[in-house]
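The file final-v2.txt comes next; it holds compact mmCIF, C-alpha atoms and all ligand atoms.
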# COMPACT_ATOMS: atom_id res chain seq x y z
CA MET V 1 -21.11 57.21 38.54
CA ARG V 2 -18.19 59.61 38.93
CA ILE V 3 -16.66 60.51 35.56
CA PHE V 4 -13.24 62.09 35.11
CA TYR V 5 -12.13 64.14 32.13
CA ASP V 6 -9.80 67.10 31.46
CA ASP V 7 -10.26 69.62 28.63
CA ALA V 8 -6.53 69.33 27.83
CA GLN V 9 -7.34 65.87 26.45
CA ARG V 10 -8.91 67.46 23.36
CA THR V 11 -5.74 69.27 22.27
CA HIS V 12 -4.13 66.25 20.56
CA ALA V 13 -5.62 66.41 17.06
CA PRO V 14 -3.46 64.90 14.29
CA ALA V 15 -4.55 65.80 10.76
CA ARG V 16 -4.22 62.40 9.10
CA GLU V 17 -3.06 58.83 9.40
CA LEU V 18 -1.56 56.30 7.02
CA HIS V 19 -4.44 54.00 6.07
CA ASN V 20 -4.28 51.14 3.56
CA GLY V 21 -1.55 52.82 1.53
CA ALA V 22 -2.80 56.40 1.52
CA PHE V 23 -3.28 59.21 3.99
CA ALA V 24 -6.80 59.41 5.42
CA ALA V 25 -8.50 61.63 8.01
CA TYR V 26 -7.42 60.71 11.55
CA ALA V 27 -10.17 58.57 13.10
CA GLU V 28 -9.37 59.23 16.77
CA THR V 29 -10.74 62.79 16.93
CA PRO V 30 -11.60 65.27 19.71
CA ALA V 31 -15.19 65.05 18.40
CA ARG V 32 -15.29 61.63 20.07
CA LEU V 33 -15.00 63.39 23.40
CA ASP V 34 -17.79 65.84 22.57
CA ALA V 35 -20.11 62.98 21.67
CA ILE V 36 -19.44 61.16 24.94
CA LEU V 37 -19.59 64.30 27.08
CA LYS V 38 -22.95 65.24 25.61
CA ALA V 39 -24.40 61.83 26.48
CA VAL V 40 -22.97 61.18 29.93
CA GLY V 41 -23.47 64.57 31.56
CA PRO V 42 -21.28 66.32 34.15
CA THR V 43 -17.67 65.28 34.64
CA GLU V 44 -14.97 66.10 37.20
CA THR V 45 -11.56 67.49 36.30
CA PRO V 46 -8.88 65.14 37.67
CA ALA V 47 -6.30 66.34 40.18
CA ASP V 48 -2.72 66.47 38.89
CA ARG V 49 -0.89 63.49 40.41
CA GLY V 50 2.33 64.26 38.55
CA GLU V 51 4.58 62.08 36.42
CA ALA V 52 5.55 59.45 39.00
CA PRO V 53 2.55 57.14 38.35
CA ILE V 54 3.21 57.42 34.60
CA LEU V 55 6.90 56.60 35.07
CA ALA V 56 5.85 53.56 37.12
CA VAL V 57 4.74 52.07 33.78
CA HIS V 58 6.60 53.93 31.02
CA ASP V 59 10.35 54.31 30.37
CA ALA V 60 11.80 57.73 31.19
CA ALA V 61 13.54 57.97 27.79
CA TYR V 62 10.21 57.36 26.01
CA ILE V 63 8.46 60.05 28.05
CA ALA V 64 11.30 62.49 27.32
CA PHE V 65 10.95 61.67 23.62
CA LEU V 66 7.17 62.27 23.57
CA LYS V 67 7.80 65.74 24.98
CA ASP V 68 10.74 66.43 22.65
CA ALA V 69 9.51 65.00 19.36
CA PRO V 70 7.59 68.10 18.14
CA ARG V 71 10.67 70.31 18.63
CA LEU V 72 13.01 67.77 16.95
CA TRP V 73 10.56 67.46 14.06
CA GLN V 74 10.48 71.24 13.58
CA GLU V 75 14.26 71.50 13.84
CA ALA V 76 14.52 68.91 11.07
CA GLY V 77 12.60 71.41 8.92
CA ARG V 78 9.34 69.48 8.89
CA SER V 79 5.81 70.80 9.10
CA GLY V 80 2.69 68.96 10.26
CA ASP V 81 2.62 65.99 12.61
CA ALA V 82 5.62 63.77 13.36
CA ILE V 83 5.16 60.29 11.82
CA PRO V 84 7.71 57.45 11.79
CA TYR V 85 8.57 55.40 8.73
CA ALA V 86 11.37 52.99 9.76
CA PHE V 87 11.21 50.47 12.61
CA PRO V 88 13.87 48.34 14.35
CA ILE V 89 12.01 45.03 14.23
CA ARG V 90 15.14 43.00 15.00
CA GLY V 91 17.83 43.80 17.53
CA ARG V 92 15.80 46.59 19.07
CA ARG V 93 18.00 48.08 21.80
CA PRO V 94 18.76 51.43 23.45
CA LEU V 95 20.82 53.48 21.00
CA ARG V 96 21.93 57.11 20.92
CA LEU V 97 20.19 58.22 17.75
CA ASP V 98 20.66 61.61 16.13
CA ARG V 99 17.70 62.06 13.84
CA VAL V 100 14.04 62.52 14.65
CA ASP V 101 12.98 59.81 12.19
CA ALA V 102 15.28 57.30 13.92
CA LEU V 103 13.82 58.19 17.31
CA LEU V 104 10.25 58.05 16.04
CA GLY V 105 10.65 54.53 14.70
CA ALA V 106 12.43 53.41 17.87
CA HIS V 107 9.40 54.50 19.92
CA ALA V 108 6.51 53.30 17.75
CA PHE V 109 5.31 50.11 16.12
CA ASP V 110 3.16 51.69 13.40
CA ALA V 111 2.82 54.79 11.23
CA THR V 112 -0.75 55.55 12.32
CA THR V 113 0.03 57.36 15.57
CA PRO V 114 1.31 60.88 14.88
CA ILE V 115 2.89 63.05 17.56
CA THR V 116 1.77 66.69 17.58
CA ALA V 117 2.83 69.69 19.64
CA ASP V 118 -0.05 68.90 22.01
CA THR V 119 0.29 65.12 22.25
CA TRP V 120 2.19 65.02 25.52
CA ARG V 121 -0.17 67.45 27.24
CA SER V 122 -3.21 65.59 26.00
CA ALA V 123 -1.94 62.09 26.85
CA TYR V 124 -0.75 63.30 30.25
CA ALA V 125 -4.24 64.62 31.03
CA SER V 126 -5.78 61.36 29.82
CA ALA V 127 -3.52 59.46 32.24
CA GLN V 128 -4.52 61.81 35.07
CA SER V 129 -8.18 61.03 34.38
CA ALA V 130 -7.41 57.31 34.70
CA LEU V 131 -5.55 57.95 37.97
CA ALA V 132 -8.41 60.03 39.39
CA ALA V 133 -10.94 57.29 38.60
CA THR V 134 -8.62 54.75 40.22
CA GLN V 135 -8.33 56.86 43.35
CA ALA V 136 -12.14 57.23 43.52
CA VAL V 137 -12.48 53.44 43.44
CA LEU V 138 -9.69 52.96 46.00
CA ASP V 139 -11.59 55.44 48.18
CA GLY V 140 -14.72 53.29 48.03
CA GLU V 141 -16.66 53.97 44.81
CA ARG V 142 -17.96 50.70 43.37
CA ALA V 143 -17.08 51.91 39.87
CA ALA V 144 -15.73 55.06 38.23
CA PHE V 145 -15.27 56.07 34.59
CA ALA V 146 -12.17 57.72 33.13
CA LEU V 147 -13.17 59.37 29.86
CA CYS V 148 -9.72 58.80 28.44
CA ARG V 149 -8.69 60.17 25.12
CA PRO V 150 -6.16 59.68 23.61
CA PRO V 151 -6.72 55.97 24.35
CA GLY V 152 -4.00 53.71 25.71
CA HIS V 153 -4.09 49.95 25.24
CA HIS V 154 -1.77 49.75 22.21
CA ALA V 155 1.01 51.73 23.94
CA GLY V 156 3.82 49.76 25.57
CA ALA V 157 6.36 50.81 28.17
CA ASP V 158 8.49 52.57 25.53
CA TYR V 159 6.41 52.82 22.36
CA CYS V 160 3.24 54.28 20.91
CA GLY V 161 0.89 52.85 18.28
CA GLY V 162 -2.78 52.47 17.40
CA TYR V 163 -3.70 56.07 18.41
CA CYS V 164 -2.22 55.40 21.87
CA HIS V 165 0.72 57.11 23.60
CA LEU V 166 0.34 56.41 27.33
CA ASN V 167 -1.24 53.16 28.48
CA VAL V 168 -3.99 54.51 30.72
CA ALA V 169 -5.26 51.05 31.77
CA ALA V 170 -1.74 49.97 32.76
CA ILE V 171 -1.18 53.23 34.64
CA ALA V 172 -4.45 52.69 36.54
CA ALA V 173 -3.60 49.04 37.31
CA GLN V 174 -0.09 49.90 38.49
CA ALA V 175 -1.41 52.74 40.67
CA ALA V 176 -3.77 50.26 42.34
CA ARG V 177 -0.88 47.86 42.90
CA ASP V 178 1.22 50.66 44.39
CA ALA V 179 -1.69 51.60 46.67
CA GLY V 180 -1.54 48.08 48.10
CA VAL V 181 -4.01 46.08 46.00
CA GLU V 182 -2.25 42.72 45.71
CA ARG V 183 -3.85 41.40 42.54
CA VAL V 184 -5.32 43.57 39.77
CA ALA V 185 -7.15 42.29 36.68
CA ILE V 186 -7.61 44.08 33.37
CA LEU V 187 -10.53 43.12 31.13
CA ASP V 188 -10.05 44.55 27.62
CA ILE V 189 -13.21 44.60 25.52
CA ASP V 190 -12.12 47.03 22.83
CA TYR V 191 -12.48 45.59 19.30
CA HIS V 192 -8.69 45.48 18.98
CA HIS V 193 -6.27 43.46 21.06
CA GLY V 194 -4.50 45.61 23.68
CA ASN V 195 -0.99 44.58 22.74
CA GLY V 196 0.64 47.30 24.83
CA THR V 197 -1.16 46.31 28.02
CA GLN V 198 -0.36 42.65 27.40
CA ASP V 199 3.30 43.48 26.80
CA ILE V 200 3.62 45.58 29.98
CA PHE V 201 2.29 42.78 32.22
CA TYR V 202 3.28 39.71 30.18
CA ALA V 203 5.88 38.44 32.68
CA ARG V 204 4.03 39.53 35.83
CA GLY V 205 1.88 37.31 37.98
CA ASP V 206 0.28 40.16 39.93
CA VAL V 207 -1.74 41.64 37.05
CA PHE V 208 -4.08 39.46 34.99
CA TYR V 209 -4.74 40.60 31.41
CA ALA V 210 -7.79 39.20 29.58
CA SER V 211 -8.89 40.40 26.16
CA VAL V 212 -11.85 39.71 23.86
CA HIS V 213 -11.08 41.08 20.39
CA ALA V 214 -11.12 40.61 16.63
CA ASP V 215 -8.89 37.76 15.48
CA PRO V 216 -5.48 39.34 14.79
CA LYS V 217 -5.01 37.03 11.80
CA ARG V 218 -7.12 39.61 9.95
CA ASP V 219 -7.27 42.63 12.22
CA TYR V 220 -4.94 45.20 13.69
CA PRO V 221 -2.59 44.87 15.63
CA PHE V 222 -1.99 41.56 13.73
CA TYR V 223 1.09 40.33 15.62
CA TRP V 224 -0.35 40.01 19.11
CA GLY V 225 -3.57 38.73 20.66
CA HIS V 226 -3.40 35.16 19.33
CA ALA V 227 -4.88 32.52 21.60
CA ASP V 228 -1.51 30.86 22.29
CA GLU V 229 -0.14 34.00 24.00
CA THR V 230 -0.60 33.15 27.70
CA GLY V 231 2.21 34.98 29.52
CA GLU V 232 5.75 34.04 30.49
CA GLY V 233 7.87 33.44 33.59
CA PRO V 234 5.99 34.51 36.73
CA GLY V 235 3.23 35.74 34.41
CA LEU V 236 2.64 32.38 32.73
CA GLY V 237 -1.11 31.81 32.82
CA THR V 238 -2.08 35.42 33.69
CA THR V 239 -2.67 36.46 30.06
CA LEU V 240 -5.84 35.29 28.29
CA ASN V 241 -6.64 36.03 24.64
CA LEU V 242 -10.05 35.28 23.15
CA PRO V 243 -10.07 36.19 19.45
CA LEU V 244 -13.46 36.27 17.67
CA PRO V 245 -14.43 36.34 13.98
CA HIS V 246 -15.87 39.19 11.93
CA GLY V 247 -19.62 39.55 12.35
CA THR V 248 -19.60 38.60 16.06
CA THR V 249 -22.88 39.53 17.76
CA ARG V 250 -23.91 39.79 21.41
CA ASP V 251 -24.25 36.15 22.45
CA ALA V 252 -20.80 35.08 21.22
CA PHE V 253 -19.17 38.18 22.64
CA ARG V 254 -20.96 37.73 25.95
CA ALA V 255 -19.88 34.08 26.16
CA ALA V 256 -16.25 35.02 25.54
CA GLN V 257 -16.47 37.78 28.14
CA ALA V 258 -17.98 35.24 30.61
CA GLN V 259 -14.98 32.96 29.97
CA ALA V 260 -12.66 35.89 30.73
CA LEU V 261 -14.62 36.75 33.89
CA GLU V 262 -14.38 33.13 35.10
CA ARG V 263 -10.61 33.16 34.73
CA ILE V 264 -10.41 36.55 36.44
CA ALA V 265 -12.59 35.23 39.29
CA ALA V 266 -10.15 32.35 39.82
CA PHE V 267 -7.37 34.95 40.02
CA ASP V 268 -9.38 36.74 42.74
CA PRO V 269 -8.50 40.38 42.01
CA GLY V 270 -8.88 43.22 44.50
CA LEU V 271 -9.68 45.63 41.68
CA LEU V 272 -10.71 45.41 38.02
CA VAL V 273 -9.73 47.79 35.23
CA VAL V 274 -11.98 47.61 32.16
CA SER V 275 -10.49 48.81 28.88
CA PHE V 276 -13.78 49.69 27.21
CA GLY V 277 -13.94 50.28 23.46
CA ALA V 278 -17.19 50.95 21.62
CA ASP V 279 -15.59 50.01 18.31
CA THR V 280 -17.34 46.63 18.64
CA TRP V 281 -20.57 48.46 17.63
CA GLU V 282 -22.30 47.28 14.45
CA GLY V 283 -21.77 50.58 12.61
CA ASP V 284 -18.17 51.29 13.58
CA PRO V 285 -16.31 52.62 10.52
CA ILE V 286 -13.06 50.71 11.10
CA SER V 287 -14.33 47.48 12.72
CA GLN V 288 -16.31 44.32 11.88
CA PHE V 289 -18.28 43.19 14.94
CA ALA V 290 -22.04 43.71 15.26
CA LEU V 291 -22.90 44.64 18.84
CA THR V 292 -25.93 46.91 19.30
CA THR V 293 -26.31 49.83 21.68
CA PRO V 294 -28.44 47.91 24.27
CA ASP V 295 -25.89 45.07 24.22
CA TYR V 296 -23.41 47.25 26.10
CA ALA V 297 -25.69 47.44 29.15
CA VAL V 298 -25.89 43.63 29.20
CA LEU V 299 -22.11 43.23 28.99
CA ALA V 300 -21.65 45.81 31.74
CA SER V 301 -24.20 44.10 34.03
CA ASP V 302 -22.32 40.81 33.64
CA ILE V 303 -19.14 42.57 34.79
CA ALA V 304 -20.83 44.50 37.61
CA ALA V 305 -22.43 41.28 38.93
CA ARG V 306 -18.95 40.07 39.96
CA GLY V 307 -18.78 42.84 42.56
CA TRP V 308 -15.16 43.85 42.01
CA PRO V 309 -14.29 47.53 42.52
CA THR V 310 -14.05 48.63 38.90
CA VAL V 311 -12.20 51.38 37.05
CA ILE V 312 -13.50 51.84 33.50
CA VAL V 313 -11.16 53.54 31.02
CA MET V 314 -12.25 54.63 27.55
CA GLU V 315 -10.35 53.10 24.64
CA GLY V 316 -11.66 53.08 21.01
CA GLY V 317 -14.98 53.69 19.25
CA TYR V 318 -15.10 55.67 16.02
CA ALA V 319 -18.77 56.00 15.04
CA VAL V 320 -19.03 59.46 16.53
CA ASN V 321 -22.81 59.74 16.14
CA ALA V 322 -23.45 56.56 18.13
CA LEU V 323 -20.52 56.80 20.53
CA GLY V 324 -22.31 58.75 23.28
CA HIS V 325 -25.27 56.36 23.32
CA ASN V 326 -23.00 53.32 23.40
CA VAL V 327 -20.92 54.64 26.29
CA LEU V 328 -24.05 55.68 28.18
CA SER V 329 -25.54 52.21 27.69
CA PHE V 330 -22.37 50.61 29.06
CA LEU V 331 -22.22 52.89 32.11
CA ALA V 332 -25.94 52.35 32.80
CA GLY V 333 -25.21 48.62 33.09
CA PHE V 334 -23.23 49.39 36.24
C1 LIG U 1 -7.61 52.40 20.54
C2 LIG U 1 -7.97 51.82 19.21
O1 LIG U 1 -9.10 51.40 19.01
N1 LIG U 1 -7.03 51.84 18.24
C3 LIG U 1 -7.31 51.28 16.97
C4 LIG U 1 -6.21 51.47 16.00
C5 LIG U 1 -6.58 50.85 14.69
N2 LIG U 1 -5.68 51.21 13.65
C6 LIG U 1 -5.82 50.45 12.45
C7 LIG U 1 -7.02 50.80 11.66
C8 LIG U 1 -6.82 52.10 10.94
C9 LIG U 1 -8.08 52.60 10.32
N3 LIG U 1 -7.91 53.94 9.86
C10 LIG U 1 -9.10 54.53 9.36
C11 LIG U 1 -8.92 55.96 8.97
C12 LIG U 1 -10.17 56.44 8.31
N4 LIG U 1 -10.23 57.85 8.23
ZN ZN U 2 -10.00 49.59 19.17

Spell out the structure here as structure tokens.
Ligand code: SP5
Ligand code: ZN
Amino acid sequence: MRIFYDDAQRTHAPARELHNGAFAAYAETPARLDAILKAVGPTETPADRGEAPILAVHDAAYIAFLKDAPRLWQEAGRSGDAIPYAFPIRGRRPLRLDRVDALLGAHAFDATTPITADTWRSAYASAQSALAATQAVLDGERAAFALCRPPGHHAGADYCGGYCHLNVAAIAAQAARDAGVERVAILDIDYHHGNGTQDIFYARGDVFYASVHADPKRDYPFYWGHADETGEGPGLGTTLNLPLPHGTTRDAFRAAQAQALERIAAFDPGLLVVSFGADTWEGDPISQFALTTPDYAVLASDIAARGWPTVIVMEGGYAVNALGHNVLSFLAGF
């Protein structure tokens, strides 16, 4: 399988994140890339397709802010990574704000997603990898893998969160739409609900979003991913959320994924984007499911059996020592 990755993706490396009331080491590290690269073998550097396909999903003011934030942070006399602390949960609207902290909170929904001097460059390269994999599939590959990092599925059109800055799955799906694919489906099997992806396509009937994830009653991102969220307006019925309890093992996960695949089949997509997270693995340090390494090949075979041209984008997975094996197992299932 063709695999796309750019070395610039390793440059984003925040020092720490706010975790359960204290600062902890940042879990979404460049070492994740090394582990996957070592397991999957040679990769291709994506071509640079520019900002247009990113701006087809994300707001221009948000993109300008991602580029600007490190300078504003420095000018405010700060050192280290830019982290927000105040959020406009009600009456969120476009405002001319004059302080970096105000802008940070206006473009984030949590305090766990720092912006560094290299964040834009890294996230941009991650998006280019997703676009290159999409192009490979549009050109006839049955499946292609974008080794994305930073990940994307928590990022919305104008906000970051959950280690994500640019929504690589949404950028891939939108690129396929713009290339003429009439209906695109996204299957999100990261441990966490992809609230950003859901938000981007919530009112659209042309992109189906299905997610299998830890019940947000107990797990991040808490406020989205509940079973009663099914879309709105023209998108009513094209969002599917399948929350599962802690301790979930292969058979229950596989059954939920089969339910998602049935709904996607009824939607009849021309292309599938898989948001793949290996944080469902039994030893993941921040998650509570219990999938094993061979389980990923089984889940992947179930997806591949549907025959849809498939773009796989990397999302989470934080057990660095097992990450390469888990990704390799998943790709082997195709
Ligand atoms: C893409 C993705 O999987 N994002 C997950 C974001 C989860 N954030 C909430 C959990 C934070 C756990 N922090 C652990 C730090 C330990 N050093
Ligand atoms: Zn995750």

Query raised in the report: Interatomic distance between atom C8 of ligand LIG 1 (chain U) and CA of Tyr220 in chain V?
Result: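 Those two atoms sit 7.7 Å apart.
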
Requested in this report: Determine, counting only C-alpha atoms, which protein, DNA and RNA residues have an atom within 10 Å of an atom of Gln259 in chain V; residues of the same chain fewer than 4 positions away are not included. Present the result as a PyMOL selection string.
Outcome: chain V and resi 210+212+240+242+253-255+263-265

Write out the residues from the selection above, keeping C-alpha atoms, as a PDB file, in the frame of the given file.
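Everything below was put into selection-v8.pdb:
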ATOM      1  CA  ALA V 210      -7.790  39.200  29.580  1.00  0.00           C
ATOM      2  CA  VAL V 212     -11.850  39.710  23.860  1.00  0.00           C
ATOM      3  CA  LEU V 240      -5.840  35.290  28.290  1.00  0.00           C
ATOM      4  CA  LEU V 242     -10.050  35.280  23.150  1.00  0.00           C
ATOM      5  CA  PHE V 253     -19.170  38.180  22.640  1.00  0.00           C
ATOM      6  CA  ARG V 254     -20.960  37.730  25.950  1.00  0.00           C
ATOM      7  CA  ALA V 255     -19.880  34.080  26.160  1.00  0.00           C
ATOM      8  CA  ARG V 263     -10.610  33.160  34.730  1.00  0.00           C
ATOM      9  CA  ILE V 264     -10.410  36.550  36.440  1.00  0.00           C
ATOM     10  CA  ALA V 265     -12.590  35.230  39.290  1.00  0.00           C
TER      11      ALA V 265
END

Report task. Pick out the residues sitting within 7 Å of range 192-200 of chain V, and hand them over as a ChimeraX atom specification; count only C-alpha atoms, and ignore anything fewer than 6 positions along from it in its own chain. Result -> /V:153-157,167,170,209,211,213-214,220-221,224-225

Write a file of the just-selected residues containing C-alpha atoms, as a short mmCIF file (atom, residue, chain, number, x, y, z; two decimals), in the coordinates of the input.
data_model
loop_
_atom_site.label_atom_id
_atom_site.label_comp_id
_atom_site.auth_asym_id
_atom_site.auth_seq_id
_atom_site.Cartn_x
_atom_site.Cartn_y
_atom_site.Cartn_z
CA HIS V 153 -4.09 49.95 25.24
CA HIS V 154 -1.77 49.75 22.21
CA ALA V 155 1.01 51.73 23.94
CA GLY V 156 3.82 49.76 25.57
CA ALA V 157 6.36 50.81 28.17
CA ASN V 167 -1.24 53.16 28.48
CA ALA V 170 -1.74 49.97 32.76
CA TYR V 209 -4.74 40.60 31.41
CA SER V 211 -8.89 40.40 26.16
CA HIS V 213 -11.08 41.08 20.39
CA ALA V 214 -11.12 40.61 16.63
CA TYR V 220 -4.94 45.20 13.69
CA PRO V 221 -2.59 44.87 15.63
CA TRP V 224 -0.35 40.01 19.11
CA GLY V 225 -3.57 38.73 20.66
#

Taking all atoms listed in the file and a cut-off of 8 Å, can you tell me which residues surround ligand ZN 2 (chain U), written as an mmCIF file with C-alpha atoms, in the coordinates of the input?
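The result, stored in out_31.cif:
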data_model
loop_
_atom_site.group_PDB
_atom_site.id
_atom_site.type_symbol
_atom_site.label_atom_id
_atom_site.label_comp_id
_atom_site.auth_asym_id
_atom_site.auth_seq_id
_atom_site.Cartn_x
_atom_site.Cartn_y
_atom_site.Cartn_z
ATOM 1 C CA GLY V 162 -2.780 52.470 17.400
ATOM 2 C CA ASP V 190 -12.120 47.030 22.830
ATOM 3 C CA TYR V 191 -12.480 45.590 19.300
ATOM 4 C CA HIS V 192 -8.690 45.480 18.980
ATOM 5 C CA HIS V 193 -6.270 43.460 21.060
ATOM 6 C CA GLY V 277 -13.940 50.280 23.460
ATOM 7 C CA ALA V 278 -17.190 50.950 21.620
ATOM 8 C CA ASP V 279 -15.590 50.010 18.310
ATOM 9 C CA THR V 280 -17.340 46.630 18.640
ATOM 10 C CA GLU V 315 -10.350 53.100 24.640
ATOM 11 C CA GLY V 316 -11.660 53.080 21.010
ATOM 12 C CA GLY V 317 -14.980 53.690 19.250
#

Report task. Measure the distance from CA of Gly283 in chain V to CA of Ala31 in chain V in Å and round it to one decimal. Result -> 16.9 Å

Around all listed atoms of range 42-61 of chain V, padded 8 Å per side, what centre and edge lengths does the axis-aligned box have in Å to one decimal, as AutoDock Vina command-line options?
--center_x -3.9 --center_y 59.8 --center_z 34.1 --size_x 50.8 --size_y 31.4 --size_z 28.6

Query raised in the report: Which residues, written as a PyMOL selection string, have at least one atom at most 9 Å from Ala133 in chain V, with all atoms listed in the file counted and residues fewer than 4 positions away on the same chain left out?
Result: chain V and resi 2-4+46+128-129+137-138+143-146+172+311-313

Query - Between CA of Ala47 in chain V and CA of Ala8 in chain V - distance in Å to one decimal - result: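 Between these atoms lies a distance of 12.7 Å.
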
Query raised in the report: Once you count only C-alpha atoms, which residues end up no further than 12 Å from (17.3, 49.4, 18.4) in the file's frame, shown as a PyMOL selection string?
Result: chain V and resi 86-97+102-108+158

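Near Asn20 in chain V, within 12 Å and counting only C-alpha atoms, sit Glu17, Leu18, Ala22, Phe23, Ala24, Ala111, Thr112, Tyr220 and Ile286 of chain V, not including residues fewer than 2 positions from it in the same chain.
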
Query raised in the report: Around (6.0, 50.9, 36.9) in the file's frame, which residues reach within 12 Å when counting only C-alpha atoms? Return as an MDAnalysis selection string?
Result: chainID V and resid 51:60 156:158 167 170:178 200:201 204

**Report entry** Contacts of His226 in chain V within 8 Å, all atoms listed in the file, excl. fewer than 2 positions in-chain, as a VMD selection string
**Finding:** chain V and resid 215 to 217 223 to 224 228 to 229 241 to 243

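Ranking V:Pro285, V:Gly233, V:Gly333, V:Gly324 by their shortest atom-to-atom distance to ligand LIG 1 (chain U), with all atoms listed in the file included, puts V:Pro285 first.
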
Report task. Kindly indicate which residue among V:Gly205, V:Gly41, V:Gly77, V:Gly152 lies nearest to ligand LIG 1 (chain U), using only C-alpha atoms and all ligand atoms for the distances. Result -> V:Gly152

Query raised in the report: Quick one: of V:Ala332, V:Ile189, V:Asn326, V:Ser126, who's nearest to Ala256 in chain V, counting all atoms listed in the file?
Result: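 Ranking V:Ala332, V:Ile189, V:Asn326, V:Ser126 by distance to Ala256 in chain V, first place goes to V:Ile189.
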
Query raised in the report: Smallest atom-to-atom distance to ligand LIG 1 (chain U): which of V:Ala117, V:Leu72, V:Val273, V:Ala15, using all atoms listed in the file?
Result: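 Nearest to ligand LIG 1 (chain U): V:Ala15.
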
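Nearest-residue note for ligand LIG 1 (chain U): choosing from V:Ser301, V:Thr134, V:Thr113, V:Ser122, the minimum distance belongs to V:Thr113, counting all atoms listed in the file.
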